[in-house]
>>> print(open('input35.cif').read())   # mmCIF, C-alpha atoms
data_my_file
loop_
_atom_site.group_PDB
_atom_site.id
_atom_site.type_symbol
_atom_site.label_atom_id
_atom_site.label_comp_id
_atom_site.auth_asym_id
_atom_site.auth_seq_id
_atom_site.Cartn_x
_atom_site.Cartn_y
_atom_site.Cartn_z
ATOM 1 C CA MET A 1 359.688 120.898 35.290
ATOM 2 C CA LEU A 2 362.557 122.416 37.248
ATOM 3 C CA LYS A 3 361.772 125.740 35.544
ATOM 4 C CA ASN A 4 358.587 125.960 37.615
ATOM 5 C CA PHE A 5 360.749 126.284 40.717
ATOM 6 C CA PHE A 6 362.776 129.220 39.442
ATOM 7 C CA PRO A 7 362.558 132.065 41.982
ATOM 8 C CA ASN A 8 360.633 134.464 39.712
ATOM 9 C CA LYS A 9 358.037 131.790 38.908
ATOM 10 C CA ILE A 10 357.539 131.082 42.610
ATOM 11 C CA LEU A 11 357.224 134.789 43.409
ATOM 12 C CA SER A 12 354.452 135.092 40.835
ATOM 13 C CA ILE A 13 352.441 132.326 42.526
ATOM 14 C CA SER A 14 349.413 134.048 44.010
ATOM 15 C CA ASN A 15 348.166 133.404 47.505
ATOM 16 C CA LYS A 16 344.858 132.399 45.855
ATOM 17 C CA LEU A 17 346.518 129.298 44.404
ATOM 18 C CA ILE A 18 347.855 128.388 47.842
ATOM 19 C CA THR A 19 344.366 128.915 49.335
ATOM 20 C CA ASN A 20 342.861 126.593 46.689
ATOM 21 C CA LEU A 21 345.496 123.995 47.475
ATOM 22 C CA ILE A 22 344.672 124.296 51.182
ATOM 23 C CA ILE A 23 340.952 123.725 50.501
ATOM 24 C CA ALA A 24 341.742 120.632 48.391
ATOM 25 C CA MET A 25 344.149 119.356 51.063
ATOM 26 C CA ILE A 26 341.562 119.809 53.857
ATOM 27 C CA LEU A 27 339.014 117.787 51.858
ATOM 28 C CA VAL A 28 341.495 114.960 51.221
ATOM 29 C CA VAL A 29 342.732 114.866 54.837
ATOM 30 C CA PHE A 30 339.146 114.967 56.158
ATOM 31 C CA LEU A 31 338.233 112.009 53.935
ATOM 32 C CA GLY A 32 341.414 110.258 55.062
ATOM 33 C CA PHE A 33 340.601 110.841 58.752
ATOM 34 C CA ILE A 34 337.066 109.442 58.335
ATOM 35 C CA TYR A 35 338.352 106.424 56.459
ATOM 36 C CA ALA A 36 341.285 105.825 58.832
ATOM 37 C CA LEU A 37 339.383 106.263 62.098
ATOM 38 C CA PHE A 38 335.944 104.881 61.344
ATOM 39 C CA ILE A 39 335.652 102.962 58.052
ATOM 40 C CA SER A 40 338.829 100.875 57.799
ATOM 41 C CA PRO A 41 338.684 97.569 59.707
ATOM 42 C CA PRO A 42 340.763 96.813 62.825
ATOM 43 C CA ASP A 43 343.727 94.477 62.392
ATOM 44 C CA TYR A 44 343.117 90.859 63.404
ATOM 45 C CA ILE A 45 346.163 90.899 65.748
ATOM 46 C CA GLN A 46 346.777 94.550 66.628
ATOM 47 C CA GLY A 47 343.109 95.563 66.825
ATOM 48 C CA ASP A 48 342.307 99.270 66.532
ATOM 49 C CA SER A 49 345.869 100.323 67.406
ATOM 50 C CA VAL A 50 346.663 99.725 63.722
ATOM 51 C CA ARG A 51 344.891 103.037 62.962
ATOM 52 C CA ILE A 52 348.062 104.827 64.102
ATOM 53 C CA MET A 53 349.625 103.471 60.906
ATOM 54 C CA TYR A 54 347.616 106.011 58.864
ATOM 55 C CA VAL A 55 349.589 108.918 60.321
ATOM 56 C CA HIS A 56 352.837 107.087 61.161
ATOM 57 C CA VAL A 57 353.626 105.586 57.743
ATOM 58 C CA PRO A 58 352.914 108.672 55.529
ATOM 59 C CA SER A 59 354.882 110.835 58.012
ATOM 60 C CA SER A 60 357.870 108.495 57.740
ATOM 61 C CA PHE A 61 357.676 108.501 53.921
ATOM 62 C CA ILE A 62 357.668 112.307 53.809
ATOM 63 C CA ALA A 63 360.432 112.596 56.433
ATOM 64 C CA LEU A 64 362.705 110.324 54.388
ATOM 65 C CA GLY A 65 361.677 111.769 51.021
ATOM 66 C CA SER A 66 362.305 115.343 52.171
ATOM 67 C CA PHE A 67 365.780 114.542 53.427
ATOM 68 C CA ALA A 68 366.557 112.625 50.231
ATOM 69 C CA PHE A 69 365.701 115.804 48.335
ATOM 70 C CA ILE A 70 367.805 117.932 50.711
ATOM 71 C CA GLY A 71 370.754 115.565 50.193
ATOM 72 C CA ILE A 72 370.434 115.579 46.392
ATOM 73 C CA ALA A 73 369.953 119.361 46.392
ATOM 74 C CA SER A 74 373.086 119.698 48.541
ATOM 75 C CA ILE A 75 375.097 117.634 46.059
ATOM 76 C CA SER A 76 373.815 119.607 43.072
ATOM 77 C CA ASN A 77 374.506 122.818 44.958
ATOM 78 C CA LEU A 78 378.091 121.954 45.903
ATOM 79 C CA ILE A 79 379.074 120.284 42.632
ATOM 80 C CA PHE A 80 376.910 121.885 39.928
ATOM 81 C CA LYS A 81 376.344 125.228 41.703
ATOM 82 C CA VAL A 82 372.599 125.323 40.974
ATOM 83 C CA LYS A 83 371.801 128.645 42.647
ATOM 84 C CA PHE A 84 368.218 128.157 43.828
ATOM 85 C CA MET A 85 368.792 124.627 45.177
ATOM 86 C CA PRO A 86 369.891 125.744 48.681
ATOM 87 C CA LEU A 87 366.739 127.856 48.994
ATOM 88 C CA MET A 88 364.580 124.904 47.949
ATOM 89 C CA ALA A 89 366.332 122.566 50.386
ATOM 90 C CA LYS A 90 366.122 125.120 53.181
ATOM 91 C CA SER A 91 362.372 125.484 52.542
ATOM 92 C CA LEU A 92 361.787 121.744 52.718
ATOM 93 C CA ALA A 93 363.640 121.226 56.012
ATOM 94 C CA PRO A 94 360.883 122.433 58.431
ATOM 95 C CA VAL A 95 358.217 120.171 56.934
ATOM 96 C CA GLY A 96 360.637 117.220 56.875
ATOM 97 C CA SER A 97 361.610 117.770 60.488
ATOM 98 C CA ILE A 98 358.012 118.048 61.701
ATOM 99 C CA PHE A 99 357.110 114.785 59.937
ATOM 100 C CA THR A 100 360.175 113.067 61.421
ATOM 101 C CA LEU A 101 358.993 114.162 64.863
ATOM 102 C CA ILE A 102 355.442 112.974 64.109
ATOM 103 C CA SER A 103 356.832 109.645 62.907
ATOM 104 C CA ILE A 104 358.839 109.168 66.123
ATOM 105 C CA VAL A 105 356.026 110.215 68.487
ATOM 106 C CA THR A 106 353.290 108.214 66.726
ATOM 107 C CA GLY A 107 355.681 105.263 66.488
ATOM 108 C CA SER A 108 356.184 105.431 70.217
ATOM 109 C CA LEU A 109 352.412 105.605 70.767
ATOM 110 C CA TRP A 110 352.024 102.546 68.529
ATOM 111 C CA GLY A 111 354.908 100.741 70.241
ATOM 112 C CA LYS A 112 353.344 100.746 73.708
ATOM 113 C CA PRO A 113 350.281 98.576 72.884
ATOM 114 C CA THR A 114 352.182 96.479 70.318
ATOM 115 C CA TRP A 115 355.580 95.854 71.932
ATOM 116 C CA GLY A 116 354.691 96.750 75.526
ATOM 117 C CA ILE A 117 357.225 99.602 75.693
ATOM 118 C CA TRP A 118 357.225 103.249 74.656
ATOM 119 C CA TRP A 119 360.769 103.243 73.373
ATOM 120 C CA ALA A 120 363.677 100.940 72.534
ATOM 121 C CA TRP A 121 367.066 101.909 71.187
ATOM 122 C CA ASP A 122 366.796 99.532 68.257
ATOM 123 C CA ALA A 123 368.233 100.227 64.801
ATOM 124 C CA ARG A 124 365.123 101.701 63.104
ATOM 125 C CA LEU A 125 364.127 103.955 65.994
ATOM 126 C CA THR A 126 367.672 105.145 66.647
ATOM 127 C CA SER A 127 368.317 105.904 62.967
ATOM 128 C CA MET A 128 365.098 107.960 62.881
ATOM 129 C CA VAL A 129 366.314 109.973 65.899
ATOM 130 C CA ILE A 130 369.611 110.510 64.043
ATOM 131 C CA LEU A 131 367.593 111.782 61.047
ATOM 132 C CA LEU A 132 365.828 114.262 63.344
ATOM 133 C CA CYS A 133 369.249 115.406 64.615
ATOM 134 C CA PHE A 134 370.358 116.003 61.010
ATOM 135 C CA TYR A 135 367.223 118.048 60.353
ATOM 136 C CA VAL A 136 367.797 120.127 63.512
ATOM 137 C CA ALA A 137 371.471 120.667 62.611
ATOM 138 C CA TYR A 138 370.484 121.677 59.073
ATOM 139 C CA ILE A 139 367.858 124.180 60.259
ATOM 140 C CA LEU A 140 370.116 125.590 63.002
ATOM 141 C CA THR A 141 372.957 126.126 60.522
ATOM 142 C CA TRP A 142 370.757 128.428 58.452
ATOM 143 C CA LYS A 143 369.402 130.141 61.570
ATOM 144 C CA LEU A 144 372.691 130.737 63.388
ATOM 145 C CA ILE A 145 375.108 131.541 60.553
ATOM 146 C CA SER A 146 374.420 134.942 59.052
ATOM 147 C CA SER A 147 376.707 134.636 56.020
ATOM 148 C CA PHE A 148 374.733 132.985 53.179
ATOM 149 C CA GLU A 149 377.791 131.436 51.534
ATOM 150 C CA LYS A 150 379.097 129.944 54.776
ATOM 151 C CA ALA A 151 375.673 128.624 55.868
ATOM 152 C CA ASN A 152 375.154 127.209 52.384
ATOM 153 C CA LYS A 153 378.421 125.248 52.489
ATOM 154 C CA ILE A 154 377.962 123.877 56.024
ATOM 155 C CA SER A 155 374.290 122.966 55.495
ATOM 156 C CA SER A 156 375.183 121.227 52.210
ATOM 157 C CA ILE A 157 377.771 119.096 54.008
ATOM 158 C CA ILE A 158 375.156 118.213 56.653
ATOM 159 C CA GLY A 159 372.716 117.338 53.853
ATOM 160 C CA ILE A 160 375.209 115.041 52.128
ATOM 161 C CA VAL A 161 376.328 113.305 55.335
ATOM 162 C CA GLY A 162 372.679 112.923 56.393
ATOM 163 C CA LEU A 163 371.917 111.288 53.068
ATOM 164 C CA LEU A 164 374.089 108.348 54.127
ATOM 165 C CA ASN A 165 371.703 107.734 57.022
ATOM 166 C CA LEU A 166 368.732 107.105 54.702
ATOM 167 C CA PRO A 167 369.753 103.607 53.503
ATOM 168 C CA VAL A 168 370.497 102.753 57.133
ATOM 169 C CA ILE A 169 366.914 103.716 58.080
ATOM 170 C CA LYS A 170 365.443 101.847 55.117
ATOM 171 C CA TYR A 171 367.384 98.609 55.570
ATOM 172 C CA SER A 172 367.810 98.681 59.367
ATOM 173 C CA VAL A 173 364.921 96.227 59.752
ATOM 174 C CA ASP A 174 366.627 93.795 57.359
ATOM 175 C CA TRP A 175 370.221 94.234 58.547
ATOM 176 C CA TRP A 176 369.558 93.972 62.276
ATOM 177 C CA SER A 177 367.098 92.168 64.484
ATOM 178 C CA THR A 178 364.701 94.939 65.485
ATOM 179 C CA LEU A 179 361.353 95.337 67.212
ATOM 180 C CA HIS A 180 360.136 97.247 64.182
ATOM 181 C CA GLN A 181 358.439 95.133 61.524
ATOM 182 C CA THR A 182 359.766 94.934 57.952
ATOM 183 C CA SER A 183 358.207 97.136 55.274
ATOM 184 C CA SER A 184 354.683 96.253 54.114
ATOM 185 C CA ILE A 185 354.887 98.678 51.195
ATOM 186 C CA THR A 186 357.894 98.882 48.894
ATOM 187 C CA LEU A 187 358.452 100.475 45.512
ATOM 188 C CA THR A 188 359.642 97.226 43.959
ATOM 189 C CA SER A 189 356.950 94.748 45.016
ATOM 190 C CA ALA A 190 353.206 94.569 45.564
ATOM 191 C CA PRO A 191 351.985 95.779 48.991
ATOM 192 C CA THR A 192 351.318 93.061 51.551
ATOM 193 C CA ILE A 193 348.441 94.873 53.248
ATOM 194 C CA HIS A 194 344.770 94.472 52.386
ATOM 195 C CA TYR A 195 343.199 97.098 50.116
ATOM 196 C CA THR A 196 340.746 98.160 52.870
ATOM 197 C CA MET A 197 343.792 99.429 54.756
ATOM 198 C CA LEU A 198 345.784 100.452 51.696
ATOM 199 C CA VAL A 199 343.114 102.889 50.429
ATOM 200 C CA PRO A 200 342.994 105.090 53.574
ATOM 201 C CA LEU A 201 346.778 104.896 53.779
ATOM 202 C CA ILE A 202 347.094 106.255 50.231
ATOM 203 C CA ILE A 203 344.474 108.967 50.908
ATOM 204 C CA MET A 204 346.363 110.089 54.029
ATOM 205 C CA LEU A 205 349.646 110.022 52.117
ATOM 206 C CA VAL A 206 348.178 112.192 49.342
ATOM 207 C CA GLY A 207 346.777 114.631 51.934
ATOM 208 C CA MET A 208 350.087 114.875 53.767
ATOM 209 C CA VAL A 209 352.046 115.321 50.521
ATOM 210 C CA MET A 210 349.667 118.167 49.609
ATOM 211 C CA TYR A 211 350.243 119.721 53.048
ATOM 212 C CA SER A 212 354.009 119.421 52.545
ATOM 213 C CA LEU A 213 353.735 121.090 49.139
ATOM 214 C CA ILE A 214 351.741 123.980 50.620
ATOM 215 C CA ILE A 215 354.242 124.559 53.441
ATOM 216 C CA PHE A 216 357.122 124.218 50.986
ATOM 217 C CA LEU A 217 355.639 126.801 48.582
ATOM 218 C CA MET A 218 354.954 129.270 51.398
ATOM 219 C CA LYS A 219 358.405 128.816 52.886
ATOM 220 C CA TYR A 220 360.159 128.924 49.502
ATOM 221 C CA LYS A 221 358.376 132.164 48.620
ATOM 222 C CA THR A 222 359.452 133.628 51.989
ATOM 223 C CA GLU A 223 363.065 132.547 51.458
ATOM 224 C CA ILE A 224 363.224 134.008 47.928
ATOM 225 C CA MET A 225 361.925 137.344 49.202
ATOM 226 C CA LYS A 226 364.458 137.299 52.070
ATOM 227 C CA PHE A 227 367.240 136.453 49.631
ATOM 228 C CA LYS A 228 366.295 139.260 47.225
ATOM 229 C CA LEU A 229 366.078 141.773 50.063
ATOM 230 C CA ASP A 230 369.495 140.743 51.411
ATOM 231 C CA LYS A 231 370.952 140.992 47.924
ATOM 232 C CA LYS A 232 369.515 144.473 47.509
ATOM 233 C CA LYS A 233 370.877 145.547 50.909
ATOM 234 C CA ASN A 234 374.343 144.215 50.034
ATOM 235 C CA ASN A 235 374.321 146.058 46.694
ATOM 236 C CA LYS A 236 373.583 149.395 48.384
ATOM 237 C CA MET B 237 326.911 108.913 71.125
ATOM 238 C CA ASN B 238 328.724 105.724 70.248
ATOM 239 C CA LEU B 239 331.456 105.359 72.885
ATOM 240 C CA GLU B 240 333.207 102.687 70.840
ATOM 241 C CA LEU B 241 334.388 105.435 68.439
ATOM 242 C CA ILE B 242 336.313 107.029 71.285
ATOM 243 C CA VAL B 243 337.413 103.887 73.107
ATOM 244 C CA LEU B 244 338.467 102.092 69.873
ATOM 245 C CA GLY B 245 338.614 98.669 71.483
ATOM 246 C CA GLY B 246 340.728 99.953 74.381
ATOM 247 C CA TYR B 247 343.321 101.517 72.059
ATOM 248 C CA GLY B 248 341.743 104.991 71.990
ATOM 249 C CA GLN B 249 344.283 106.252 74.541
ATOM 250 C CA PHE B 250 347.018 105.606 71.951
ATOM 251 C CA VAL B 251 345.194 106.274 68.684
ATOM 252 C CA TRP B 252 343.636 109.659 69.543
ATOM 253 C CA PRO B 253 346.845 111.224 70.945
ATOM 254 C CA ALA B 254 348.679 110.079 67.778
ATOM 255 C CA PHE B 255 346.138 111.818 65.525
ATOM 256 C CA ILE B 256 345.845 114.891 67.753
ATOM 257 C CA PHE B 257 349.640 115.293 68.024
ATOM 258 C CA SER B 258 349.989 115.037 64.219
ATOM 259 C CA PHE B 259 347.183 117.542 63.644
ATOM 260 C CA VAL B 260 348.466 120.079 66.201
ATOM 261 C CA SER B 261 352.065 119.840 64.921
ATOM 262 C CA CYS B 262 350.944 120.416 61.332
ATOM 263 C CA LEU B 263 348.680 123.292 62.345
ATOM 264 C CA TYR B 264 351.506 124.916 64.344
ATOM 265 C CA LEU B 265 353.917 124.720 61.387
ATOM 266 C CA TYR B 266 351.274 126.071 59.008
ATOM 267 C CA LEU B 267 350.472 129.070 61.233
ATOM 268 C CA LYS B 268 354.169 129.805 61.813
ATOM 269 C CA THR B 269 354.967 129.609 58.094
ATOM 270 C CA LYS B 270 351.962 131.747 57.159
ATOM 271 C CA LYS B 271 352.891 134.428 59.713
ATOM 272 C CA GLU B 272 356.459 134.505 58.419
ATOM 273 C CA LEU B 273 355.264 134.746 54.800
ATOM 274 C CA LYS B 274 352.867 137.631 55.544
ATOM 275 C CA LYS B 275 355.602 139.510 57.429
ATOM 276 C CA GLN B 276 358.121 139.004 54.637
ATOM 277 C CA GLU B 277 355.592 139.955 51.936
ATOM 278 C CA LYS B 278 354.950 143.250 53.698
ATOM 279 C CA ILE B 279 358.663 144.087 53.981
ATOM 280 C CA PHE B 280 359.290 142.985 50.386
ATOM 281 C CA LEU B 281 356.428 145.050 48.949
ATOM 282 C CA ASP B 282 357.451 148.135 50.941
ATOM 283 C CA GLU B 283 361.033 147.837 49.754
ATOM 284 C CA PHE B 284 360.331 147.042 46.099
ATOM 285 C CA LYS B 285 357.583 149.650 45.680
ATOM 286 C CA GLN B 286 360.319 152.272 46.067
ATOM 287 C CA PHE B 287 362.490 150.297 43.681
ATOM 288 C CA ARG B 288 359.703 150.216 41.047
ATOM 289 C CA GLY B 289 359.344 153.974 41.410
ATOM 290 C CA ILE B 290 362.981 154.391 40.425
ATOM 291 C CA ILE B 291 362.516 152.185 37.362
ATOM 292 C CA VAL B 292 359.502 154.199 36.203
ATOM 293 C CA GLU B 293 361.496 157.402 36.520
ATOM 294 C CA ALA B 294 364.472 155.929 34.760
ATOM 295 C CA LEU B 295 362.512 154.552 31.795
ATOM 296 C CA PRO B 296 362.040 157.756 29.785
ATOM 297 C CA LYS B 297 365.784 158.448 30.026
ATOM 298 C CA LYS B 298 366.471 154.968 28.708
ATOM 299 C CA GLU B 299 364.073 155.549 25.847
ATOM 300 C CA ASN B 300 365.736 158.854 25.012
ATOM 301 C CA THR B 301 369.115 157.129 24.855
ATOM 302 C CA LYS B 302 367.640 154.457 22.612
ATOM 303 C CA LYS B 303 366.210 157.116 20.284
ATOM 304 C CA ALA B 304 369.478 158.995 20.256
ATOM 305 C CA LEU B 305 371.422 155.888 19.370
ATOM 306 C CA SER B 306 368.984 154.766 16.682
ATOM 307 C CA GLY B 307 369.692 157.806 14.523
ATOM 308 C CA ASN B 308 365.973 158.301 13.682
ATOM 309 C CA LEU B 309 365.611 161.613 15.488
ATOM 310 C CA VAL B 310 364.721 163.551 12.355
#
>>> encode(input="input35.cif", output="structure tokens")
Amino acid sequence: MLKNFFPNKILSISNKLITNLIIAMILVVFLGFIYALFISPPDYIQGDSVRIMYVHVPSSFIALGSFAFIGIASISNLIFKVKFMPLMAKSLAPVGSIFTLISIVTGSLWGKPTWGIWWAWDARLTSMVILLCFYVAYILTWKLISSFEKANKISSIIGIVGLLNLPVIKYSVDWWSTLHQTSSITLTSAPTIHYTMLVPLIIMLVGMVMYSLIIFLMKYKTEIMKFKLDKKKNNK
Amino acid sequence: MNLELIVLGGYGQFVWPAFIFSFVSCLYLYLKTKKELKKQEKIFLDEFKQFRGIIVEALPKKENTKKALSGNLV
């Protein structure tokens, strides 16, 4: 499977494939929006404010998943010297950072009607802000350091250190007393939410994962081309 | 028009901004990434078109060397 992400394979991906993916993604997201905003029922306690969940939860999943990949890619890059891993990680950072921001902002918008405040420095919210800081540091390292080798090393260290923050985010609601509720969906047990809410949540998650894949492919293609051009310039 | 769809039981002021913010952020990132890709594709094609030209010119020479080394010239 990893072979599909080799630079030459990615370069051969036509823009037509990306366009087809975009069309499919628009259809899924549109269906998700209709379901989330109009078809799914309001919560018996939170009322219609629960609809924010359909953008907040998938965004958080992608934000965490993207950084988990960046962290693992950083380890494999530093230890096993897999050459295209830094380019893959670098390409995933923008989409991860935007979803972290969406998660924080939509969480704040959900917090006001639910908790009565826009923001609290509790463990879950603070650890998400720290994740955003790691994303910003990771992106800035690549932007500000011109030497590929140097930027690669520093960004990998950021990726590995940032990886340690992920369990803190995940278990913050269990370890500390927080305003944030505990997880309703986990990988190890059955979801505790009703299927009428689970279906739109899954549709939105699929749509957002497709969006992330599209942005990743576009960005990865750009980075490979940049890398090849730099290599050619350096060989001259 | 059904106003309830906009008001959403009094929570519309929180729900709609959440969806709009998510949509606008995603659209912004998509447009930025697309612009960057198009720009890079143009530079890459310009640069590697010249490079391909060199390969095409170099190929016959390579073939000649191959023939010479194969010993089947006669």
>>> residues_around(input="input35.cif", residues="Val243 (chain B)", least_positions_apart="6", cutoff="12 Å", atoms="all atoms listed in the file", output="PyMOL selection string")
(chain A and resi 37-38+47-49) or (chain B and resi 237+249-252)
>>> residues_around(input="input35.cif", residues="region 160-165 of chain A", least_positions_apart="2", cutoff="8 Å", atoms="all atoms listed in the file", output="list in words")
Phe67, Ala68, Gly71, Ile72, Ser74, Ile75, Ser127, Ile130, Leu131, Phe134, Ser156, Ile157, Ile158, Pro167, Val168 and Ile169 of chain A
>>> write_last_selection(input="input35.cif", atoms="C-alpha atoms", output="mmCIF file, keeping the file's coordinate frame")
data_model
loop_
_atom_site.group_PDB
_atom_site.id
_atom_site.type_symbol
_atom_site.label_atom_id
_atom_site.label_comp_id
_atom_site.auth_asym_id
_atom_site.auth_seq_id
_atom_site.Cartn_x
_atom_site.Cartn_y
_atom_site.Cartn_z
ATOM 1 C CA PHE A 67 365.780 114.542 53.427
ATOM 2 C CA ALA A 68 366.557 112.625 50.231
ATOM 3 C CA GLY A 71 370.754 115.565 50.193
ATOM 4 C CA ILE A 72 370.434 115.579 46.392
ATOM 5 C CA SER A 74 373.086 119.698 48.541
ATOM 6 C CA ILE A 75 375.097 117.634 46.059
ATOM 7 C CA SER A 127 368.317 105.904 62.967
ATOM 8 C CA ILE A 130 369.611 110.510 64.043
ATOM 9 C CA LEU A 131 367.593 111.782 61.047
ATOM 10 C CA PHE A 134 370.358 116.003 61.010
ATOM 11 C CA SER A 156 375.183 121.227 52.210
ATOM 12 C CA ILE A 157 377.771 119.096 54.008
ATOM 13 C CA ILE A 158 375.156 118.213 56.653
ATOM 14 C CA PRO A 167 369.753 103.607 53.503
ATOM 15 C CA VAL A 168 370.497 102.753 57.133
ATOM 16 C CA ILE A 169 366.914 103.716 58.080
#
>>> interface_residues(input="input35.cif", of="chain B", to="chain A", cutoff="8 Å", atoms="all atoms listed in the file", output="list in words")
Leu241, Leu244, Gly245, Tyr247, Gly248, Phe250, Val251, Pro253, Ala254, Phe255, Phe257, Ser258, Ser261, Cys262, Leu265, Tyr266, Thr269, Lys270, Glu272, Leu273, Gln276, Glu277, Phe280 and Glu283 of chain B
>>> residues_around(input="input35.cif", residues="Tyr35 (chain A)", least_positions_apart="4", cutoff="9 Å", atoms="all atoms listed in the file", output="ChimeraX atom specification")
/A:30-31,39-40,199-201,203
>>> atom_distance(input="input35.cif", atom1="CA of Ser91 (chain A)", atom2="CA of Ile70 (chain A)")
9.5 Å
>>> axis_aligned_box(input="input35.cif", around="region 278-285 of chain B", padding_each_side="5 Å", output="JSON")
{"center_x": 358.0, "center_y": 146.3, "center_z": 49.8, "size_x": 16.1, "size_y": 16.7, "size_z": 18.3}
>>> residues_around(input="input35.cif", residues="Ala123 (chain A)", least_positions_apart="3", cutoff="8 Å", atoms="all atoms listed in the file", output="MDAnalysis selection string")
chainID A and resid 126:127 169 172:173 176 178
>>> atom_distance(input="input35.cif", atom1="CA of Ser155 (chain A)", atom2="CA of Phe6 (chain A)")
20.7 Å
>>> atom_distance(input="input35.cif", atom1="CA of Met88 (chain A)", atom2="CA of Ala73 (chain A)")
7.9 Å
>>> resolve_selection(input="input35.cif", expression="the PyMOL selection byres ((chain A and resi 25) around 8)", output="PyMOL selection string")
chain A and resi 21-24+26-29+207-208+210-211
>>> closest_residue(input="input35.cif", among="A:Leu17, A:Leu64, A:Leu179, A:Leu166", to="Leu125 (chain A)", atoms="only C-alpha atoms")
A:Leu179
>>> closest_residue(input="input35.cif", among="A:Leu87, A:Val209, A:Ala36, A:Val129", to="Phe148 (chain A)", atoms="all atoms listed in the file")
A:Leu87
>>> closest_residue(input="input35.cif", among="A:Pro7, A:Gly159, A:Pro41, A:Gly65", to="Val136 (chain A)", atoms="all atoms listed in the file")
A:Gly159
